[in-house]
Structure formats: structure tokens, C-alpha cells
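Colleague: After the C-alpha cells below, expect a handful of questions from me.
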Amino acid sequence: MAPMDLPGLPDGLTARPLTTADAAGVHAAIAAEEVVDLGEAEMTLEDVVADWQRPSYDIASSTVGVLDGDLLVGYADLAGPDTAYTAVLPSHQGRGIGTALAHWLQRAARERGSTTIGTQVPEGSAADRLMADLGYRLRWTAWDLELPEGHEIEPPALRDGSTLRDATEADRAAAWTLVEDAFLEWSDRERHSLEDWGALVWGRPGFEPWNLRLLFSPAGELVGVTHVHLTGDSGYVARVAVRADHRGRGLSRTLLVDAFARAREHGAVRCYLSTDTRAGARAIYERVGMVVTSTWVNRAIDL
């Protein structure tokens, strides 16, 4: 891949668009930052690959990597119209790389017609401080919550005739519709296409049928969906959604109990999920015994 100009880059470093072959290097940079900021790495290589394989995504025009020789030391990714991801190896922070990447992201987003660009980072991290210094405002706060090891959630009884099962290929469009309808009630973004959503779910490396679970009412209507997968020895609930006209009946709790049980059956010793202030669901998770393990902030700047 040919080098590219990245104004503000320190002497001795080079920049170029990324390719799918850079996924491991990008994951290494993200993981190194997370170890410093959170005490452990949360992002997986599978997460990076799944996001890059969305049909609507073009890696060559959406990314820039910063290299010190052959070592990838930082990257930026314009993952969506107003959504960016970045990371800089802790050993290379404080040299202006993050600032150069932020300015590249702003230019790239502006060229695509976006009026805002932002990203989510651990609260109080080096990235959080840099963004605040650059004028990025707070959009929302997010949390990772974990079910403590050994803690059991009392499973609510399913109504007679209700069923929980793995999704089949024939169920995928209905699952996508329910989840997107639920998330778009509070998320200010365009609807993900079925193809893009599928790349993150059944197209995610390592996907197994138990990762997508469906809850049906006694009448046979799809009323709830969970997407759960293993991240190392942890079960991560990436998505949980209940149809609007079936909320207030404890179905979210039912779905969580099932998701955590399936993850433990497949080797998870920890179970966790993420939520933010837009969804208003933190109290629901805390009531079943989950505890906050990390706090994140989503910051953005108007272009």
C-alpha cells in the first residue's frame, strides 16, 4: 500500500491506508491501550475483522495506519458517518500521533458530508484527555457491567407456550428487524443493512448457532433477541432487545439469564455487557446483580 501524507506526524514515522492484513497489528494497539486504561484487554481480533468485513465498508478509504519501521504504532478508522476508532501504542503516546489522527478523521468525515465526528474511550484515559483538549464535547457516558463470578440470576418462569431457541438462517431477517427497531428508538444513526448487521453477528469469526438466541411468545411471535459470544473466557452479550409492546414483563431478564447460561455452557467464567445513558438500561442490569467494571465517555466535535 502506497504511503500517504499525514500532516503533523513526527519525524521518522510513516502513514498509509490499512489492509485486512493489518488486523492483528490494529488489535495489538487497541489491546495495549486497554491494558493501560482498564487493566485488561477487552477488544478481540474477531471484533476488528467483523467490523471491517461489512459490505458497505471500504478499508482503503476509511483508515490510516502510522508505522515506525514495520511496526504499526497507531491507527484511525472512520467506521461510520460520525463514528471513529483510534489507538496509539502507549510507548508512542505524547508525540502528537493522536492529534494527527484526530485531524485526519475530521477531514475525512467532512469530505463525506458529515457534520460531527466522535469516538468512545475509557473515562480519564490519555485519549479522553486529548479529545477534551482538542475541543471534543461529551455526547454520552457508557459502562461495562459484569455478572460477578458465581453469581446466579434467578430465572423468571417463561409463560406457558413461550419458547427460547437458537436462530436459524430463516430467522435472521426477523431478528435484525427487531434489534434495529429497538436500538433505533434511542440511537441517532441510520439503520444498519441486513448485510452489515449480519457481518457483525453470523459473519463474525467463530460464530456458532447458540450466539443468536430468539424468544417467541405463546402466539409464536418473535418478541426478544440476544446476540452473545465468547471473548476469551468471558461471555459477552453484544445485543439484547425486546419488542416494544412486550416490555415490562421481565423478558429482558429472561433473555439475560439464558444468554449467560449458554455462555457458561460453552466455557465462560465471566459474563458482561455494555450499555450507555441513551438506552437507560443500567438500572435493569444492576437489579439482577451486575456491577460496573469500567466507565467510558463518547466525545464528539462538530465539523
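Labels for the C-alpha cells follow display order: chains A, B, ..., residues from 1 in each chain, ligands from 1.
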So that I can check the surroundings of Val201 of chain A, please list as number ranges by chain every protein, DNA and RNA residue that reaches within 10 Å of it, counting only C-alpha atoms and ignoring chain neighbours fewer than 2 positions away.

Modeller: A: 50-51, 172, 176, 195-199, 203-208, 211-212, 227-229, 238-239

Colleague: At a cut-off of 12 Å, can you tabulate as JSON lines every residue of segment 253-283 of chain A near segment 30-49 of chain A together with its closest atom pair and the distance in Å to one decimal, using only C-alpha atoms and ordering rows by chain then number?

Modeller:
```
{"residue": "A:Tyr272", "atom": "CA", "partner": "A:Glu42", "partner_atom": "CA", "distance": 10.6}
{"residue": "A:Leu273", "atom": "CA", "partner": "A:Glu42", "partner_atom": "CA", "distance": 11.0}
{"residue": "A:Ser274", "atom": "CA", "partner": "A:Glu42", "partner_atom": "CA", "distance": 11.4}
```

Colleague: Would you mind listing, for every residue of segment 43-102 of chain A within 8 Å of segment 9-27 of chain A, the two atoms forming the shortest contact and the distance between them in Å to one decimal, using only C-alpha atoms, sorted by chain and ascending residue number, as CSV?

Modeller:
```
residue,atom,partner,partner_atom,distance
A:Met43,CA,A:His27,CA,7.3
A:Thr44,CA,A:His27,CA,6.8
A:Leu45,CA,A:His27,CA,5.7
A:Val48,CA,A:Ala23,CA,6.5
A:Val49,CA,A:Ala23,CA,6.6
A:Trp52,CA,A:Thr20,CA,7.6
A:Ile59,CA,A:Thr19,CA,6.5
A:Ala60,CA,A:Pro17,CA,5.4
A:Ser61,CA,A:Pro17,CA,7.1
A:Ser62,CA,A:Pro17,CA,7.8
A:Thr63,CA,A:Pro17,CA,5.4
A:Val64,CA,A:Pro17,CA,4.4
A:Gly65,CA,A:Arg16,CA,5.4
A:Val66,CA,A:Ala15,CA,4.5
A:Leu67,CA,A:Thr14,CA,5.3
A:Asp68,CA,A:Leu13,CA,5.0
A:Gly69,CA,A:Leu13,CA,7.2
A:Leu71,CA,A:Gly25,CA,7.9
A:Leu72,CA,A:Gly25,CA,5.9
A:Gly74,CA,A:Val26,CA,7.6
A:Tyr75,CA,A:Val26,CA,6.9
A:Ala87,CA,A:Val26,CA,7.8
A:Arg95,CA,A:Pro10,CA,6.8
A:Gly96,CA,A:Leu9,CA,6.8
A:Ile97,CA,A:Leu9,CA,6.0
A:Ala100,CA,A:Leu9,CA,6.1
```

Colleague: Please write the residues from the selection above to a file, keeping C-alpha atoms, as an mmCIF file, in the first residue's frame.

Modeller:
```cif
data_model
loop_
_atom_site.group_PDB
_atom_site.id
_atom_site.type_symbol
_atom_site.label_atom_id
_atom_site.label_comp_id
_atom_site.auth_asym_id
_atom_site.auth_seq_id
_atom_site.Cartn_x
_atom_site.Cartn_y
_atom_site.Cartn_z
ATOM 1 C CA MET A 43 -11.437 -5.903 22.235
ATOM 2 C CA THR A 44 -10.733 -9.067 20.268
ATOM 3 C CA LEU A 45 -9.255 -9.696 16.852
ATOM 4 C CA VAL A 48 -11.857 -5.946 14.322
ATOM 5 C CA VAL A 49 -12.304 -8.426 11.486
ATOM 6 C CA TRP A 52 -14.026 -4.483 8.563
ATOM 7 C CA ILE A 59 -10.980 -0.121 4.399
ATOM 8 C CA ALA A 60 -8.681 1.689 1.964
ATOM 9 C CA SER A 61 -10.591 4.982 2.130
ATOM 10 C CA SER A 62 -11.652 4.697 5.774
ATOM 11 C CA THR A 63 -8.356 4.058 7.578
ATOM 12 C CA VAL A 64 -4.864 5.327 8.137
ATOM 13 C CA GLY A 65 -2.091 3.472 9.907
ATOM 14 C CA VAL A 66 1.014 5.022 11.449
ATOM 15 C CA LEU A 67 4.186 2.956 11.316
ATOM 16 C CA ASP A 68 7.578 3.086 12.980
ATOM 17 C CA GLY A 69 9.502 0.987 10.505
ATOM 18 C CA LEU A 71 5.605 -1.718 13.481
ATOM 19 C CA LEU A 72 2.060 -0.365 13.458
ATOM 20 C CA GLY A 74 -1.255 3.891 15.725
ATOM 21 C CA TYR A 75 -4.329 3.882 13.539
ATOM 22 C CA ALA A 87 -5.475 3.706 19.134
ATOM 23 C CA ARG A 95 4.379 12.579 20.416
ATOM 24 C CA GLY A 96 1.465 14.133 18.530
ATOM 25 C CA ILE A 97 0.308 10.951 16.757
ATOM 26 C CA ALA A 100 -2.575 13.970 13.732
#
```

Colleague: Show me, as a ChimeraX atom specification, the residues that have an atom within 12 Å of segment 258-261 of chain A when counting only C-alpha atoms, minus same-chain residues fewer than 5 positions from it.

Modeller: /A:146-158,163-166,210-215,224-230,234-240,251-253,266-273,290

Colleague: Could the residues in this selection be written to a file with C-alpha atoms, as a PDB file, in the first residue's frame?

Modeller:
```pdb
ATOM      1  CA  GLU A 146     -20.142  -7.740  34.753  1.00  0.00           C
ATOM      2  CA  LEU A 147     -22.024 -10.523  36.457  1.00  0.00           C
ATOM      3  CA  PRO A 148     -19.671 -11.486  39.324  1.00  0.00           C
ATOM      4  CA  GLU A 149     -18.241 -14.983  39.071  1.00  0.00           C
ATOM      5  CA  GLY A 150     -20.504 -17.466  40.806  1.00  0.00           C
ATOM      6  CA  HIS A 151     -23.448 -15.053  40.983  1.00  0.00           C
ATOM      7  CA  GLU A 152     -26.681 -16.547  39.747  1.00  0.00           C
ATOM      8  CA  ILE A 153     -29.684 -14.608  38.439  1.00  0.00           C
ATOM      9  CA  GLU A 154     -32.982 -16.104  39.478  1.00  0.00           C
ATOM     10  CA  PRO A 155     -34.562 -17.126  36.168  1.00  0.00           C
ATOM     11  CA  PRO A 156     -38.132 -15.947  35.695  1.00  0.00           C
ATOM     12  CA  ALA A 157     -40.551 -18.574  34.529  1.00  0.00           C
ATOM     13  CA  LEU A 158     -41.455 -18.492  30.865  1.00  0.00           C
ATOM     14  CA  THR A 163     -40.032 -20.675  23.657  1.00  0.00           C
ATOM     15  CA  LEU A 164     -36.325 -19.789  23.572  1.00  0.00           C
ATOM     16  CA  ARG A 165     -34.120 -21.272  20.884  1.00  0.00           C
ATOM     17  CA  ASP A 166     -31.170 -20.725  18.583  1.00  0.00           C
ATOM     18  CA  TRP A 210     -26.084 -20.530  20.054  1.00  0.00           C
ATOM     19  CA  ASN A 211     -24.701 -16.993  19.649  1.00  0.00           C
ATOM     20  CA  LEU A 212     -28.054 -15.717  18.333  1.00  0.00           C
ATOM     21  CA  ARG A 213     -30.997 -16.588  20.593  1.00  0.00           C
ATOM     22  CA  LEU A 214     -34.672 -15.879  19.966  1.00  0.00           C
ATOM     23  CA  LEU A 215     -37.634 -15.597  22.344  1.00  0.00           C
ATOM     24  CA  GLY A 224     -36.874 -10.865  22.003  1.00  0.00           C
ATOM     25  CA  VAL A 225     -33.345 -11.365  20.662  1.00  0.00           C
ATOM     26  CA  THR A 226     -29.898 -11.736  22.198  1.00  0.00           C
ATOM     27  CA  HIS A 227     -26.520 -11.876  20.495  1.00  0.00           C
ATOM     28  CA  VAL A 228     -23.950 -13.427  22.844  1.00  0.00           C
ATOM     29  CA  HIS A 229     -20.463 -14.714  22.091  1.00  0.00           C
ATOM     30  CA  LEU A 230     -17.269 -15.726  23.830  1.00  0.00           C
ATOM     31  CA  SER A 234     -15.870 -14.305  29.034  1.00  0.00           C
ATOM     32  CA  GLY A 235     -19.383 -14.357  27.690  1.00  0.00           C
ATOM     33  CA  TYR A 236     -20.263 -11.020  26.125  1.00  0.00           C
ATOM     34  CA  VAL A 237     -23.866 -10.035  25.443  1.00  0.00           C
ATOM     35  CA  ALA A 238     -23.419  -7.768  22.437  1.00  0.00           C
ATOM     36  CA  ARG A 239     -27.131  -7.123  21.878  1.00  0.00           C
ATOM     37  CA  VAL A 240     -30.302  -7.704  23.857  1.00  0.00           C
ATOM     38  CA  LEU A 251     -38.378 -10.581  29.255  1.00  0.00           C
ATOM     39  CA  SER A 252     -35.012  -8.774  29.298  1.00  0.00           C
ATOM     40  CA  ARG A 253     -34.176 -10.684  32.474  1.00  0.00           C
ATOM     41  CA  HIS A 266     -19.501 -23.047  26.346  1.00  0.00           C
ATOM     42  CA  GLY A 267     -16.718 -22.238  28.806  1.00  0.00           C
ATOM     43  CA  ALA A 268     -17.301 -18.672  30.017  1.00  0.00           C
ATOM     44  CA  VAL A 269     -16.261 -17.974  33.606  1.00  0.00           C
ATOM     45  CA  ARG A 270     -17.269 -14.320  33.417  1.00  0.00           C
ATOM     46  CA  CYS A 271     -20.250 -12.643  31.764  1.00  0.00           C
ATOM     47  CA  TYR A 272     -20.557  -8.979  30.844  1.00  0.00           C
ATOM     48  CA  LEU A 273     -22.235  -6.439  28.587  1.00  0.00           C
ATOM     49  CA  MET A 290     -24.382  -6.892  37.634  1.00  0.00           C
TER      50      MET A 290
END
```

Colleague: Would you mind reading off the distance between atom CA of Val242 of chain A and atom CA of Val223 of chain A, one decimal, in Å?

Modeller: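 Atom CA of Val223 of chain A lies 5.7 Å from atom CA of Val242 of chain A.
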
Colleague: How far is it from atom CA of Met131 of chain A to atom CA of Ala76 of chain A, in Å with one decimal?

Modeller: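 Separating atom CA of Met131 of chain A from atom CA of Ala76 of chain A is a distance of 13.9 Å.
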
Colleague: Would you kindly return, as a PyMOL selection string, each protein, DNA or RNA residue with an atom no farther than 10 Å from any atom of Asp181 of chain A, considering only C-alpha atoms and excluding same-chain residues fewer than 2 positions away?

Modeller: chain A and resi 175-179+183-186+191+241-244

Colleague: I'd like the neighbourhood of Gly135 of chain A as a ChimeraX atom specification, where a residue qualifies if any of its atoms comes within 10 Å (using only C-alpha atoms), though same-chain residues fewer than 4 positions away should be ignored.

Modeller: /A:130-131,299-302

Colleague: Would you save the residues of that selection, restricted to N, CA and C atoms, as a compact mmCIF listing (two decimals), in the first residue's frame?

Modeller:
```
# COMPACT_ATOMS: atom_id res chain seq x y z
N LEU A 130 -6.87 13.92 25.69
CA LEU A 130 -6.50 14.55 24.42
C LEU A 130 -7.73 15.11 23.73
N MET A 131 -8.81 14.34 23.68
CA MET A 131 -10.00 14.80 22.99
C MET A 131 -10.60 16.02 23.68
N ARG A 299 -17.12 11.12 23.08
CA ARG A 299 -16.87 12.53 22.80
C ARG A 299 -16.96 12.79 21.31
N ALA A 300 -17.44 13.99 20.96
CA ALA A 300 -17.59 14.33 19.54
C ALA A 300 -17.26 15.81 19.35
N ILE A 301 -16.99 16.15 18.10
CA ILE A 301 -16.70 17.52 17.74
C ILE A 301 -17.51 17.86 16.49
N ASP A 302 -18.07 19.06 16.44
CA ASP A 302 -18.82 19.50 15.27
C ASP A 302 -17.84 19.96 14.20
```

Colleague: Would you list, as a count of residues only, the residues of segment 117-161 of chain A that end up in strand (DSSP E) under DSSP run on this structure's backbone?

Modeller: 17

Colleague: If we count only C-alpha atoms and set the cut-off at 12 Å, which residues sit around Ala219 of chain A, ignoring sequence neighbours fewer than 2 positions away in its own chain? Please answer as a PDB file with N, CA and C atoms, in the first residue's frame.

Modeller:
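Result file follows (result.pdb):
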```pdb
ATOM      1  N   ARG A 159     -43.703 -17.857  30.236  1.00  0.00           N
ATOM      2  CA  ARG A 159     -45.143 -18.081  30.131  1.00  0.00           C
ATOM      3  C   ARG A 159     -45.401 -19.366  29.356  1.00  0.00           C
ATOM      4  N   ASP A 160     -46.459 -20.053  29.711  1.00  0.00           N
ATOM      5  CA  ASP A 160     -46.805 -21.284  29.007  1.00  0.00           C
ATOM      6  C   ASP A 160     -46.881 -21.027  27.507  1.00  0.00           C
ATOM      7  N   GLY A 161     -46.161 -21.825  26.771  1.00  0.00           N
ATOM      8  CA  GLY A 161     -46.185 -21.686  25.326  1.00  0.00           C
ATOM      9  C   GLY A 161     -45.080 -20.828  24.764  1.00  0.00           C
ATOM     10  N   SER A 162     -44.363 -20.041  25.614  1.00  0.00           N
ATOM     11  CA  SER A 162     -43.219 -19.261  25.147  1.00  0.00           C
ATOM     12  C   SER A 162     -42.038 -20.188  24.912  1.00  0.00           C
ATOM     13  N   THR A 163     -41.189 -19.836  23.966  1.00  0.00           N
ATOM     14  CA  THR A 163     -40.032 -20.675  23.657  1.00  0.00           C
ATOM     15  C   THR A 163     -38.786 -19.826  23.453  1.00  0.00           C
ATOM     16  N   LEU A 215     -36.536 -15.343  21.421  1.00  0.00           N
ATOM     17  CA  LEU A 215     -37.634 -15.597  22.344  1.00  0.00           C
ATOM     18  C   LEU A 215     -38.948 -15.383  21.603  1.00  0.00           C
ATOM     19  N   PHE A 216     -39.812 -16.395  21.655  1.00  0.00           N
ATOM     20  CA  PHE A 216     -41.105 -16.333  20.984  1.00  0.00           C
ATOM     21  C   PHE A 216     -42.228 -16.341  22.012  1.00  0.00           C
ATOM     22  N   SER A 217     -43.271 -15.579  21.742  1.00  0.00           N
ATOM     23  CA  SER A 217     -44.447 -15.528  22.613  1.00  0.00           C
ATOM     24  C   SER A 217     -45.266 -16.807  22.443  1.00  0.00           C
ATOM     25  N   GLU A 221     -44.963 -15.314  18.080  1.00  0.00           N
ATOM     26  CA  GLU A 221     -44.366 -14.074  17.579  1.00  0.00           C
ATOM     27  C   GLU A 221     -42.970 -13.888  18.172  1.00  0.00           C
ATOM     28  N   LEU A 222     -42.048 -13.415  17.370  1.00  0.00           N
ATOM     29  CA  LEU A 222     -40.712 -13.096  17.867  1.00  0.00           C
ATOM     30  C   LEU A 222     -40.785 -11.838  18.713  1.00  0.00           C
ATOM     31  N   VAL A 223     -40.394 -11.939  19.998  1.00  0.00           N
ATOM     32  CA  VAL A 223     -40.518 -10.797  20.901  1.00  0.00           C
ATOM     33  C   VAL A 223     -39.197 -10.412  21.555  1.00  0.00           C
TER      34      VAL A 223
END
```

Colleague: Can you list, as a PyMOL selection string, every residue of segment 37-224 of chain A that DSSP puts in alpha helix (DSSP H)?

Modeller: chain A and resi 37-38+45-52+59-62+97-111+126-133+172-183+194-200

Colleague: Quick one: pull the distance between atom CA of Asp276 of chain A and atom CA of Thr119 of chain A, Å, one decimal.

Modeller: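 Result for atom CA of Asp276 of chain A versus atom CA of Thr119 of chain A: 13.5 Å, one decimal.
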
Colleague: Between A:Gly80, A:Gly250, A:Pro218, A:Pro90, which has the minimum distance to Arg54 of chain A (counting only C-alpha atoms)?

Modeller: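 Looking at the shortest contact to Arg54 of chain A, the residue is A:Gly80.
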